[in-house]
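Student: structure-v5.pdb is reproduced in full below (PDB, N, CA and C atoms, pLDDT in the B column).
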ATOM      1  N   MET A 174     -14.500   5.526  -8.102  1.00 46.00           N
ATOM      2  CA  MET A 174     -13.264   6.257  -8.182  1.00 46.00           C
ATOM      3  C   MET A 174     -12.265   5.396  -8.940  1.00 46.00           C
ATOM      4  N   SER A 175     -11.569   5.972  -9.877  1.00 48.00           N
ATOM      5  CA  SER A 175     -10.559   5.217 -10.594  1.00 48.00           C
ATOM      6  C   SER A 175      -9.243   5.971 -10.528  1.00 48.00           C
ATOM      7  N   PHE A 176      -8.182   5.223 -10.620  1.00 53.00           N
ATOM      8  CA  PHE A 176      -6.847   5.790 -10.562  1.00 53.00           C
ATOM      9  C   PHE A 176      -6.093   5.434 -11.826  1.00 53.00           C
ATOM     10  N   VAL A 177      -5.227   6.301 -12.229  1.00 48.00           N
ATOM     11  CA  VAL A 177      -4.274   5.995 -13.270  1.00 48.00           C
ATOM     12  C   VAL A 177      -2.973   5.742 -12.539  1.00 48.00           C
ATOM     13  N   LEU A 178      -2.404   4.572 -12.752  1.00 54.00           N
ATOM     14  CA  LEU A 178      -1.170   4.266 -12.045  1.00 54.00           C
ATOM     15  C   LEU A 178      -0.099   5.292 -12.398  1.00 54.00           C
ATOM     16  N   PRO A 179       0.637   5.733 -11.388  1.00 52.00           N
ATOM     17  CA  PRO A 179       1.701   6.700 -11.651  1.00 52.00           C
ATOM     18  C   PRO A 179       2.816   6.041 -12.440  1.00 52.00           C
ATOM     19  N   ILE A 180       3.682   6.854 -12.972  1.00 50.00           N
ATOM     20  CA  ILE A 180       4.857   6.301 -13.633  1.00 50.00           C
ATOM     21  C   ILE A 180       5.636   5.529 -12.573  1.00 50.00           C
ATOM     22  N   LEU A 181       5.825   4.251 -12.805  1.00 57.00           N
ATOM     23  CA  LEU A 181       6.375   3.383 -11.775  1.00 57.00           C
ATOM     24  C   LEU A 181       7.893   3.234 -11.850  1.00 57.00           C
ATOM     25  N   ALA A 182       8.548   4.004 -12.698  1.00 63.00           N
ATOM     26  CA  ALA A 182       9.988   3.850 -12.882  1.00 63.00           C
ATOM     27  C   ALA A 182      10.778   4.083 -11.601  1.00 63.00           C
ATOM     28  N   HIS A 183      10.286   4.926 -10.697  1.00 79.00           N
ATOM     29  CA  HIS A 183      11.060   5.212  -9.495  1.00 79.00           C
ATOM     30  C   HIS A 183      10.671   4.329  -8.315  1.00 79.00           C
ATOM     31  N   TYR A 184       9.857   3.286  -8.565  1.00 90.00           N
ATOM     32  CA  TYR A 184       9.505   2.316  -7.533  1.00 90.00           C
ATOM     33  C   TYR A 184      10.138   0.971  -7.881  1.00 90.00           C
ATOM     34  N   ASN A 185      10.584   0.242  -6.852  1.00 92.00           N
ATOM     35  CA  ASN A 185      11.125  -1.083  -7.133  1.00 92.00           C
ATOM     36  C   ASN A 185       9.975  -2.061  -7.390  1.00 92.00           C
ATOM     37  N   GLU A 186      10.301  -3.284  -7.747  1.00 93.00           N
ATOM     38  CA  GLU A 186       9.281  -4.264  -8.133  1.00 93.00           C
ATOM     39  C   GLU A 186       8.309  -4.561  -6.984  1.00 93.00           C
ATOM     40  N   THR A 187       8.836  -4.685  -5.785  1.00 95.00           N
ATOM     41  CA  THR A 187       7.983  -4.950  -4.620  1.00 95.00           C
ATOM     42  C   THR A 187       7.033  -3.783  -4.376  1.00 95.00           C
ATOM     43  N   GLN A 188       7.534  -2.571  -4.456  1.00 95.00           N
ATOM     44  CA  GLN A 188       6.703  -1.387  -4.261  1.00 95.00           C
ATOM     45  C   GLN A 188       5.632  -1.291  -5.342  1.00 95.00           C
ATOM     46  N   GLN A 189       5.976  -1.658  -6.567  1.00 93.00           N
ATOM     47  CA  GLN A 189       4.999  -1.648  -7.651  1.00 93.00           C
ATOM     48  C   GLN A 189       3.861  -2.624  -7.363  1.00 93.00           C
ATOM     49  N   LYS A 190       4.187  -3.832  -6.879  1.00 95.00           N
ATOM     50  CA  LYS A 190       3.163  -4.821  -6.534  1.00 95.00           C
ATOM     51  C   LYS A 190       2.249  -4.294  -5.435  1.00 95.00           C
ATOM     52  N   ILE A 191       2.853  -3.706  -4.421  1.00 97.00           N
ATOM     53  CA  ILE A 191       2.075  -3.180  -3.293  1.00 97.00           C
ATOM     54  C   ILE A 191       1.179  -2.034  -3.757  1.00 97.00           C
ATOM     55  N   LEU A 192       1.715  -1.138  -4.556  1.00 95.00           N
ATOM     56  CA  LEU A 192       0.908  -0.024  -5.063  1.00 95.00           C
ATOM     57  C   LEU A 192      -0.260  -0.525  -5.895  1.00 95.00           C
ATOM     58  N   TRP A 193      -0.028  -1.507  -6.750  1.00 95.00           N
ATOM     59  CA  TRP A 193      -1.115  -2.064  -7.544  1.00 95.00           C
ATOM     60  C   TRP A 193      -2.203  -2.583  -6.617  1.00 95.00           C
ATOM     61  N   TYR A 194      -1.809  -3.325  -5.582  1.00 97.00           N
ATOM     62  CA  TYR A 194      -2.759  -3.880  -4.613  1.00 97.00           C
ATOM     63  C   TYR A 194      -3.543  -2.762  -3.922  1.00 97.00           C
ATOM     64  N   LEU A 195      -2.844  -1.722  -3.498  1.00 97.00           N
ATOM     65  CA  LEU A 195      -3.506  -0.612  -2.811  1.00 97.00           C
ATOM     66  C   LEU A 195      -4.451   0.147  -3.730  1.00 97.00           C
ATOM     67  N   TYR A 196      -4.017   0.449  -4.950  1.00 95.00           N
ATOM     68  CA  TYR A 196      -4.883   1.165  -5.898  1.00 95.00           C
ATOM     69  C   TYR A 196      -6.155   0.363  -6.151  1.00 95.00           C
ATOM     70  N   HIS A 197      -6.001  -0.938  -6.333  1.00 95.00           N
ATOM     71  CA  HIS A 197      -7.158  -1.793  -6.574  1.00 95.00           C
ATOM     72  C   HIS A 197      -8.099  -1.766  -5.373  1.00 95.00           C
ATOM     73  N   GLY A 198      -7.552  -1.887  -4.181  1.00 97.00           N
ATOM     74  CA  GLY A 198      -8.373  -1.869  -2.969  1.00 97.00           C
ATOM     75  C   GLY A 198      -9.072  -0.542  -2.741  1.00 97.00           C
ATOM     76  N   VAL A 199      -8.347   0.546  -2.898  1.00 96.00           N
ATOM     77  CA  VAL A 199      -8.935   1.877  -2.696  1.00 96.00           C
ATOM     78  C   VAL A 199     -10.012   2.138  -3.748  1.00 96.00           C
ATOM     79  N   SER A 200      -9.785   1.709  -4.976  1.00 94.00           N
ATOM     80  CA  SER A 200     -10.790   1.867  -6.036  1.00 94.00           C
ATOM     81  C   SER A 200     -12.066   1.107  -5.703  1.00 94.00           C
ATOM     82  N   ALA A 201     -11.929   0.011  -4.939  1.00 96.00           N
ATOM     83  CA  ALA A 201     -13.093  -0.791  -4.549  1.00 96.00           C
ATOM     84  C   ALA A 201     -13.719  -0.291  -3.246  1.00 96.00           C
ATOM     85  N   GLY A 202     -13.187   0.810  -2.699  1.00 95.00           N
ATOM     86  CA  GLY A 202     -13.768   1.403  -1.498  1.00 95.00           C
ATOM     87  C   GLY A 202     -13.105   1.006  -0.191  1.00 95.00           C
ATOM     88  N   GLN A 203     -12.036   0.239  -0.268  1.00 95.00           N
ATOM     89  CA  GLN A 203     -11.330  -0.175   0.946  1.00 95.00           C
ATOM     90  C   GLN A 203     -10.335   0.908   1.354  1.00 95.00           C
ATOM     91  N   HIS A 204     -10.187   1.139   2.669  1.00 96.00           N
ATOM     92  CA  HIS A 204      -9.248   2.154   3.134  1.00 96.00           C
ATOM     93  C   HIS A 204      -8.285   1.635   4.192  1.00 96.00           C
ATOM     94  N   TYR A 205      -8.521   0.456   4.726  1.00 97.00           N
ATOM     95  CA  TYR A 205      -7.650  -0.117   5.755  1.00 97.00           C
ATOM     96  C   TYR A 205      -7.109  -1.447   5.266  1.00 97.00           C
ATOM     97  N   PHE A 206      -5.797  -1.604   5.393  1.00 97.00           N
ATOM     98  CA  PHE A 206      -5.119  -2.788   4.888  1.00 97.00           C
ATOM     99  C   PHE A 206      -4.172  -3.325   5.957  1.00 97.00           C
ATOM    100  N   LYS A 207      -4.204  -4.629   6.208  1.00 95.00           N
ATOM    101  CA  LYS A 207      -3.274  -5.256   7.142  1.00 95.00           C
ATOM    102  C   LYS A 207      -2.078  -5.788   6.360  1.00 95.00           C
ATOM    103  N   SER A 208      -0.885  -5.549   6.902  1.00 96.00           N
ATOM    104  CA  SER A 208       0.340  -6.004   6.241  1.00 96.00           C
ATOM    105  C   SER A 208       0.306  -7.499   5.958  1.00 96.00           C
ATOM    106  N   LYS A 209      -0.180  -8.292   6.907  1.00 95.00           N
ATOM    107  CA  LYS A 209      -0.145  -9.747   6.724  1.00 95.00           C
ATOM    108  C   LYS A 209      -1.044 -10.198   5.574  1.00 95.00           C
ATOM    109  N   TYR A 210      -2.152  -9.503   5.334  1.00 96.00           N
ATOM    110  CA  TYR A 210      -3.028  -9.880   4.230  1.00 96.00           C
ATOM    111  C   TYR A 210      -2.443  -9.451   2.885  1.00 96.00           C
ATOM    112  N   ILE A 211      -1.837  -8.283   2.864  1.00 97.00           N
ATOM    113  CA  ILE A 211      -1.141  -7.844   1.641  1.00 97.00           C
ATOM    114  C   ILE A 211      -0.034  -8.846   1.319  1.00 97.00           C
ATOM    115  N   ALA A 212       0.740  -9.206   2.337  1.00 97.00           N
ATOM    116  CA  ALA A 212       1.851 -10.140   2.158  1.00 97.00           C
ATOM    117  C   ALA A 212       1.350 -11.480   1.612  1.00 97.00           C
ATOM    118  N   SER A 213       0.290 -11.978   2.192  1.00 97.00           N
ATOM    119  CA  SER A 213      -0.275 -13.257   1.758  1.00 97.00           C
ATOM    120  C   SER A 213      -0.733 -13.206   0.304  1.00 97.00           C
ATOM    121  N   GLU A 214      -1.403 -12.141  -0.061  1.00 97.00           N
ATOM    122  CA  GLU A 214      -1.910 -11.997  -1.427  1.00 97.00           C
ATOM    123  C   GLU A 214      -0.785 -11.857  -2.458  1.00 97.00           C
ATOM    124  N   LEU A 215       0.304 -11.211  -2.062  1.00 98.00           N
ATOM    125  CA  LEU A 215       1.372 -10.890  -3.016  1.00 98.00           C
ATOM    126  C   LEU A 215       2.584 -11.803  -2.918  1.00 98.00           C
ATOM    127  N   GLY A 216       2.565 -12.768  -2.000  1.00 98.00           N
ATOM    128  CA  GLY A 216       3.703 -13.669  -1.864  1.00 98.00           C
ATOM    129  C   GLY A 216       4.920 -13.003  -1.251  1.00 98.00           C
ATOM    130  N   LEU A 217       4.691 -12.072  -0.347  1.00 98.00           N
ATOM    131  CA  LEU A 217       5.768 -11.357   0.335  1.00 98.00           C
ATOM    132  C   LEU A 217       5.692 -11.670   1.823  1.00 98.00           C
ATOM    133  N   THR A 218       6.664 -11.192   2.592  1.00 96.00           N
ATOM    134  CA  THR A 218       6.580 -11.300   4.039  1.00 96.00           C
ATOM    135  C   THR A 218       5.937 -10.025   4.588  1.00 96.00           C
ATOM    136  N   SER A 219       5.381 -10.132   5.782  1.00 93.00           N
ATOM    137  CA  SER A 219       4.799  -8.944   6.421  1.00 93.00           C
ATOM    138  C   SER A 219       5.850  -7.869   6.619  1.00 93.00           C
ATOM    139  N   LYS A 220       7.074  -8.289   6.925  1.00 94.00           N
ATOM    140  CA  LYS A 220       8.156  -7.323   7.127  1.00 94.00           C
ATOM    141  C   LYS A 220       8.466  -6.574   5.825  1.00 94.00           C
ATOM    142  N   GLU A 221       8.502  -7.292   4.703  1.00 96.00           N
ATOM    143  CA  GLU A 221       8.735  -6.641   3.407  1.00 96.00           C
ATOM    144  C   GLU A 221       7.641  -5.607   3.124  1.00 96.00           C
ATOM    145  N   VAL A 222       6.412  -5.998   3.393  1.00 97.00           N
ATOM    146  CA  VAL A 222       5.285  -5.099   3.152  1.00 97.00           C
ATOM    147  C   VAL A 222       5.400  -3.869   4.048  1.00 97.00           C
ATOM    148  N   GLY A 223       5.633  -4.083   5.341  1.00 95.00           N
ATOM    149  CA  GLY A 223       5.725  -2.963   6.275  1.00 95.00           C
ATOM    150  C   GLY A 223       6.853  -2.005   5.935  1.00 95.00           C
ATOM    151  N   THR A 224       8.004  -2.555   5.601  1.00 96.00           N
ATOM    152  CA  THR A 224       9.155  -1.714   5.238  1.00 96.00           C
ATOM    153  C   THR A 224       8.834  -0.879   4.004  1.00 96.00           C
ATOM    154  N   ASN A 225       8.270  -1.522   2.996  1.00 97.00           N
ATOM    155  CA  ASN A 225       7.984  -0.805   1.753  1.00 97.00           C
ATOM    156  C   ASN A 225       6.823   0.171   1.896  1.00 97.00           C
ATOM    157  N   LEU A 226       5.828  -0.153   2.716  1.00 97.00           N
ATOM    158  CA  LEU A 226       4.751   0.811   2.945  1.00 97.00           C
ATOM    159  C   LEU A 226       5.266   2.040   3.681  1.00 97.00           C
ATOM    160  N   GLY A 227       6.216   1.842   4.586  1.00 96.00           N
ATOM    161  CA  GLY A 227       6.830   2.988   5.252  1.00 96.00           C
ATOM    162  C   GLY A 227       7.532   3.907   4.265  1.00 96.00           C
ATOM    163  N   ILE A 228       8.215   3.308   3.306  1.00 96.00           N
ATOM    164  CA  ILE A 228       8.897   4.087   2.259  1.00 96.00           C
ATOM    165  C   ILE A 228       7.864   4.766   1.363  1.00 96.00           C
ATOM    166  N   LEU A 229       6.862   3.997   0.945  1.00 96.00           N
ATOM    167  CA  LEU A 229       5.832   4.549   0.057  1.00 96.00           C
ATOM    168  C   LEU A 229       5.058   5.682   0.727  1.00 96.00           C
ATOM    169  N   ALA A 230       4.891   5.609   2.032  1.00 96.00           N
ATOM    170  CA  ALA A 230       4.200   6.685   2.764  1.00 96.00           C
ATOM    171  C   ALA A 230       4.900   8.017   2.543  1.00 96.00           C
ATOM    172  N   ASP A 231       6.220   7.972   2.373  1.00 94.00           N
ATOM    173  CA  ASP A 231       6.996   9.195   2.174  1.00 94.00           C
ATOM    174  C   ASP A 231       7.112   9.631   0.718  1.00 94.00           C
ATOM    175  N   ILE A 232       7.057   8.668  -0.217  1.00 93.00           N
ATOM    176  CA  ILE A 232       7.373   9.032  -1.606  1.00 93.00           C
ATOM    177  C   ILE A 232       6.200   8.947  -2.575  1.00 93.00           C
ATOM    178  N   CYS A 233       5.105   8.330  -2.176  1.00 92.00           N
ATOM    179  CA  CYS A 233       3.967   8.179  -3.096  1.00 92.00           C
ATOM    180  C   CYS A 233       3.163   9.475  -3.130  1.00 92.00           C
ATOM    181  N   ASP A 234       3.018  10.031  -4.308  1.00 89.00           N
ATOM    182  CA  ASP A 234       2.304  11.300  -4.470  1.00 89.00           C
ATOM    183  C   ASP A 234       0.793  11.136  -4.587  1.00 89.00           C
ATOM    184  N   ASP A 235       0.330   9.952  -4.968  1.00 90.00           N
ATOM    185  CA  ASP A 235      -1.081   9.758  -5.262  1.00 90.00           C
ATOM    186  C   ASP A 235      -1.899   9.195  -4.105  1.00 90.00           C
ATOM    187  N   LEU A 236      -1.238   8.505  -3.182  1.00 95.00           N
ATOM    188  CA  LEU A 236      -1.933   7.912  -2.048  1.00 95.00           C
ATOM    189  C   LEU A 236      -1.349   8.422  -0.740  1.00 95.00           C
ATOM    190  N   SER A 237      -2.217   8.656   0.211  1.00 97.00           N
ATOM    191  CA  SER A 237      -1.789   8.966   1.573  1.00 97.00           C
ATOM    192  C   SER A 237      -1.778   7.635   2.326  1.00 97.00           C
ATOM    193  N   ILE A 238      -0.608   7.230   2.804  1.00 97.00           N
ATOM    194  CA  ILE A 238      -0.429   5.949   3.478  1.00 97.00           C
ATOM    195  C   ILE A 238       0.019   6.236   4.897  1.00 97.00           C
ATOM    196  N   THR A 239      -0.795   5.811   5.868  1.00 96.00           N
ATOM    197  CA  THR A 239      -0.528   6.111   7.270  1.00 96.00           C
ATOM    198  C   THR A 239      -0.606   4.843   8.102  1.00 96.00           C
ATOM    199  N   ARG A 240       0.430   4.616   8.930  1.00 94.00           N
ATOM    200  CA  ARG A 240       0.363   3.495   9.871  1.00 94.00           C
ATOM    201  C   ARG A 240      -0.755   3.809  10.843  1.00 94.00           C
ATOM    202  N   TRP A 241      -1.756   2.945  10.934  1.00 92.00           N
ATOM    203  CA  TRP A 241      -2.968   3.238  11.668  1.00 92.00           C
ATOM    204  C   TRP A 241      -2.988   2.566  13.028  1.00 92.00           C
ATOM    205  N   SER A 242      -2.769   1.263  13.078  1.00 88.00           N
ATOM    206  CA  SER A 242      -2.791   0.551  14.353  1.00 88.00           C
ATOM    207  C   SER A 242      -2.028  -0.761  14.232  1.00 88.00           C
ATOM    208  N   TYR A 243      -1.847  -1.387  15.381  1.00 82.00           N
ATOM    209  CA  TYR A 243      -1.196  -2.686  15.391  1.00 82.00           C
ATOM    210  C   TYR A 243      -2.008  -3.643  16.251  1.00 82.00           C
ATOM    211  N   SER A 244      -2.466  -4.702  15.642  1.00 78.00           N
ATOM    212  CA  SER A 244      -3.149  -5.771  16.354  1.00 78.00           C
ATOM    213  C   SER A 244      -2.908  -7.047  15.546  1.00 78.00           C
ATOM    214  N   HIS A 245      -1.918  -7.806  15.925  1.00 80.00           N
ATOM    215  CA  HIS A 245      -1.503  -9.036  15.235  1.00 80.00           C
ATOM    216  C   HIS A 245      -0.908  -8.760  13.865  1.00 80.00           C
ATOM    217  N   SER A 246      -0.886  -7.544  13.435  1.00 84.00           N
ATOM    218  CA  SER A 246      -0.275  -7.117  12.176  1.00 84.00           C
ATOM    219  C   SER A 246      -0.548  -5.624  12.052  1.00 84.00           C
ATOM    220  N   THR A 247       0.357  -4.918  11.420  1.00 92.00           N
ATOM    221  CA  THR A 247       0.154  -3.482  11.255  1.00 92.00           C
ATOM    222  C   THR A 247      -0.986  -3.221  10.285  1.00 92.00           C
ATOM    223  N   THR A 248      -1.866  -2.312  10.669  1.00 96.00           N
ATOM    224  CA  THR A 248      -2.947  -1.871   9.793  1.00 96.00           C
ATOM    225  C   THR A 248      -2.567  -0.503   9.246  1.00 96.00           C
ATOM    226  N   TRP A 249      -2.771  -0.342   7.967  1.00 97.00           N
ATOM    227  CA  TRP A 249      -2.454   0.904   7.270  1.00 97.00           C
ATOM    228  C   TRP A 249      -3.734   1.530   6.751  1.00 97.00           C
ATOM    229  N   MET A 250      -3.868   2.835   6.917  1.00 97.00           N
ATOM    230  CA  MET A 250      -4.971   3.571   6.327  1.00 97.00           C
ATOM    231  C   MET A 250      -4.455   4.177   5.022  1.00 97.00           C
ATOM    232  N   VAL A 251      -5.171   3.939   3.954  1.00 97.00           N
ATOM    233  CA  VAL A 251      -4.757   4.409   2.630  1.00 97.00           C
ATOM    234  C   VAL A 251      -5.913   5.172   1.998  1.00 97.00           C
ATOM    235  N   THR A 252      -5.646   6.406   1.608  1.00 96.00           N
ATOM    236  CA  THR A 252      -6.649   7.237   0.955  1.00 96.00           C
ATOM    237  C   THR A 252      -5.997   7.980  -0.209  1.00 96.00           C
ATOM    238  N   PRO A 253      -6.797   8.378  -1.188  1.00 94.00           N
ATOM    239  CA  PRO A 253      -6.244   9.187  -2.273  1.00 94.00           C
ATOM    240  C   PRO A 253      -5.803  10.547  -1.729  1.00 94.00           C
ATOM    241  N   ARG A 254      -4.711  11.046  -2.248  1.00 87.00           N
ATOM    242  CA  ARG A 254      -4.283  12.401  -1.885  1.00 87.00           C
ATOM    243  C   ARG A 254      -5.119  13.382  -2.694  1.00 87.00           C
ATOM    244  N   THR A 255      -5.495  14.446  -2.056  1.00 76.00           N
ATOM    245  CA  THR A 255      -6.290  15.449  -2.777  1.00 76.00           C
ATOM    246  C   THR A 255      -5.479  16.688  -3.040  1.00 76.00           C
TER
END
Here is the file; what I need is its structure written in the form of structure tokens.
Tutor:
Amino acid sequence: MSFVLPILAHYNETQQKILWYLYHGVSAGQHYFKSKYIASELGLTSKEVGTNLGILADICDDLSITRWSYSHSTTWMVTPRT
């Protein structure tokens, strides 16, 4: 599965980084992401990731982003929107 990145003009720089990370992961078959691992990979804090994923869950047209569980860090389920 491949994705074409959406026009990123309406996302801030942090959201763009997170979306790139998610698109790459989903393209590789991953569907669950922990905030702390995203933060570590992108040089952000877990709080920054969680806040922005909450926003992206509402505004991203290409990915369905759902807070899935919490165990030492929030886990997010990410799937392509159909």
Student: Given the file shown, enumerate the residues that the PyMOL selection byres (((chain A and resi 250 and name CA) around 12) and name CA) captures and present them as a PyMOL selection string.
Tutor: chain A and resi 195+198-199+202-208+226-227+230+236-243+247-249+251-253
Student: Output the selection as a compact mmCIF listing (two decimals), keeping the file's coordinate frame - N, CA and C atoms for each residue.
Tutor:
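That gives us again_37.txt:
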# COMPACT_ATOMS: atom_id res chain seq x y z
N LEU A 195 -2.84 -1.72 -3.50
CA LEU A 195 -3.51 -0.61 -2.81
C LEU A 195 -4.45 0.15 -3.73
N GLY A 198 -7.55 -1.89 -4.18
CA GLY A 198 -8.37 -1.87 -2.97
C GLY A 198 -9.07 -0.54 -2.74
N VAL A 199 -8.35 0.55 -2.90
CA VAL A 199 -8.94 1.88 -2.70
C VAL A 199 -10.01 2.14 -3.75
N GLY A 202 -13.19 0.81 -2.70
CA GLY A 202 -13.77 1.40 -1.50
C GLY A 202 -13.10 1.01 -0.19
N GLN A 203 -12.04 0.24 -0.27
CA GLN A 203 -11.33 -0.18 0.95
C GLN A 203 -10.34 0.91 1.35
N HIS A 204 -10.19 1.14 2.67
CA HIS A 204 -9.25 2.15 3.13
C HIS A 204 -8.28 1.64 4.19
N TYR A 205 -8.52 0.46 4.73
CA TYR A 205 -7.65 -0.12 5.76
C TYR A 205 -7.11 -1.45 5.27
N PHE A 206 -5.80 -1.60 5.39
CA PHE A 206 -5.12 -2.79 4.89
C PHE A 206 -4.17 -3.32 5.96
N LYS A 207 -4.20 -4.63 6.21
CA LYS A 207 -3.27 -5.26 7.14
C LYS A 207 -2.08 -5.79 6.36
N SER A 208 -0.88 -5.55 6.90
CA SER A 208 0.34 -6.00 6.24
C SER A 208 0.31 -7.50 5.96
N LEU A 226 5.83 -0.15 2.72
CA LEU A 226 4.75 0.81 2.94
C LEU A 226 5.27 2.04 3.68
N GLY A 227 6.22 1.84 4.59
CA GLY A 227 6.83 2.99 5.25
C GLY A 227 7.53 3.91 4.26
N ALA A 230 4.89 5.61 2.03
CA ALA A 230 4.20 6.68 2.76
C ALA A 230 4.90 8.02 2.54
N LEU A 236 -1.24 8.51 -3.18
CA LEU A 236 -1.93 7.91 -2.05
C LEU A 236 -1.35 8.42 -0.74
N SER A 237 -2.22 8.66 0.21
CA SER A 237 -1.79 8.97 1.57
C SER A 237 -1.78 7.64 2.33
N ILE A 238 -0.61 7.23 2.80
CA ILE A 238 -0.43 5.95 3.48
C ILE A 238 0.02 6.24 4.90
N THR A 239 -0.80 5.81 5.87
CA THR A 239 -0.53 6.11 7.27
C THR A 239 -0.61 4.84 8.10
N ARG A 240 0.43 4.62 8.93
CA ARG A 240 0.36 3.50 9.87
C ARG A 240 -0.76 3.81 10.84
N TRP A 241 -1.76 2.94 10.93
CA TRP A 241 -2.97 3.24 11.67
C TRP A 241 -2.99 2.57 13.03
N SER A 242 -2.77 1.26 13.08
CA SER A 242 -2.79 0.55 14.35
C SER A 242 -2.03 -0.76 14.23
N TYR A 243 -1.85 -1.39 15.38
CA TYR A 243 -1.20 -2.69 15.39
C TYR A 243 -2.01 -3.64 16.25
N THR A 247 0.36 -4.92 11.42
CA THR A 247 0.15 -3.48 11.26
C THR A 247 -0.99 -3.22 10.28
N THR A 248 -1.87 -2.31 10.67
CA THR A 248 -2.95 -1.87 9.79
C THR A 248 -2.57 -0.50 9.25
N TRP A 249 -2.77 -0.34 7.97
CA TRP A 249 -2.45 0.90 7.27
C TRP A 249 -3.73 1.53 6.75
N VAL A 251 -5.17 3.94 3.95
CA VAL A 251 -4.76 4.41 2.63
C VAL A 251 -5.91 5.17 2.00
N THR A 252 -5.65 6.41 1.61
CA THR A 252 -6.65 7.24 0.96
C THR A 252 -6.00 7.98 -0.21
N PRO A 253 -6.80 8.38 -1.19
CA PRO A 253 -6.24 9.19 -2.27
C PRO A 253 -5.80 10.55 -1.73
Student: Could you tell me how far atom CA of A:His183 sits from atom C of A:Ile211, in Å to one decimal place?
Tutor: 20.9 Å
Student: Could you go through chain A and tell me which residues DSSP, when run on the backbone, assigns to strand (DSSP E or B), listing them as a list in words?
Tutor: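 Taking chain A and keeping strand (DSSP E or B) only, one gets Tyr205, Phe206, Lys207, Leu236, Ser237, Ile238, Thr239, Arg240, Trp241, Ser242, Tyr243, Thr247, Thr248, Trp249, Met250, Val251, Thr252 and Pro253 of chain A.
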Student: Considering only alpha helix (DSSP H) as DSSP defines it on the backbone, what residues of chain A qualify? List them as a ChimeraX atom specification.
Tutor: /A:186-200,208-215,219-232
Student: Would you write out, as a compact mmCIF listing (two decimals) with N, CA and C atoms, in the coordinates of the input, every residue that the PyMOL selection byres (((chain A and resi 219 and name CA) around 10) and name CA) captures in this file?
Tutor:
# COMPACT_ATOMS: atom_id res chain seq x y z
N LYS A 207 -4.20 -4.63 6.21
CA LYS A 207 -3.27 -5.26 7.14
C LYS A 207 -2.08 -5.79 6.36
N SER A 208 -0.88 -5.55 6.90
CA SER A 208 0.34 -6.00 6.24
C SER A 208 0.31 -7.50 5.96
N LYS A 209 -0.18 -8.29 6.91
CA LYS A 209 -0.14 -9.75 6.72
C LYS A 209 -1.04 -10.20 5.57
N TYR A 210 -2.15 -9.50 5.33
CA TYR A 210 -3.03 -9.88 4.23
C TYR A 210 -2.44 -9.45 2.88
N ILE A 211 -1.84 -8.28 2.86
CA ILE A 211 -1.14 -7.84 1.64
C ILE A 211 -0.03 -8.85 1.32
N ALA A 212 0.74 -9.21 2.34
CA ALA A 212 1.85 -10.14 2.16
C ALA A 212 1.35 -11.48 1.61
N SER A 213 0.29 -11.98 2.19
CA SER A 213 -0.28 -13.26 1.76
C SER A 213 -0.73 -13.21 0.30
N GLY A 216 2.56 -12.77 -2.00
CA GLY A 216 3.70 -13.67 -1.86
C GLY A 216 4.92 -13.00 -1.25
N LEU A 217 4.69 -12.07 -0.35
CA LEU A 217 5.77 -11.36 0.34
C LEU A 217 5.69 -11.67 1.82
N THR A 218 6.66 -11.19 2.59
CA THR A 218 6.58 -11.30 4.04
C THR A 218 5.94 -10.02 4.59
N LYS A 220 7.07 -8.29 6.92
CA LYS A 220 8.16 -7.32 7.13
C LYS A 220 8.47 -6.57 5.82
N GLU A 221 8.50 -7.29 4.70
CA GLU A 221 8.74 -6.64 3.41
C GLU A 221 7.64 -5.61 3.12
N VAL A 222 6.41 -6.00 3.39
CA VAL A 222 5.28 -5.10 3.15
C VAL A 222 5.40 -3.87 4.05
N GLY A 223 5.63 -4.08 5.34
CA GLY A 223 5.72 -2.96 6.28
C GLY A 223 6.85 -2.00 5.94
N THR A 224 8.00 -2.56 5.60
CA THR A 224 9.15 -1.71 5.24
C THR A 224 8.83 -0.88 4.00
N ASN A 225 8.27 -1.52 3.00
CA ASN A 225 7.98 -0.80 1.75
C ASN A 225 6.82 0.17 1.90
N SER A 246 -0.89 -7.54 13.44
CA SER A 246 -0.28 -7.12 12.18
C SER A 246 -0.55 -5.62 12.05
N THR A 247 0.36 -4.92 11.42
CA THR A 247 0.15 -3.48 11.26
C THR A 247 -0.99 -3.22 10.28
Student: Need the neighbours of (0.0, 12.8, -4.4): which residues are at most 10 Å away, counting only C-alpha atoms, as a PyMOL selection string?
Tutor: chain A and resi 179+232-237+253-255
Student: Axis-aligned box over every listed atom of stretch 208-216 of chain A, padded by 6 Å per side: centre and edges in Å to one decimal, as JSON?
Tutor:
{"center_x": 0.9, "center_y": -9.6, "center_z": 1.9, "size_x": 19.9, "size_y": 20.1, "size_z": 21.9}
Student: Tell me, in Å to one decimal, how far atom C of A:Leu215 is from atom CA of A:His245.
Tutor: 18.8 Å
Student: What does the distance between atom CA of A:Gln188 and atom CA of A:Leu229 come to in Å, to one decimal place?
Tutor: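 Between atom CA of A:Gln188 and atom CA of A:Leu229 the gap is 7.4 Å.
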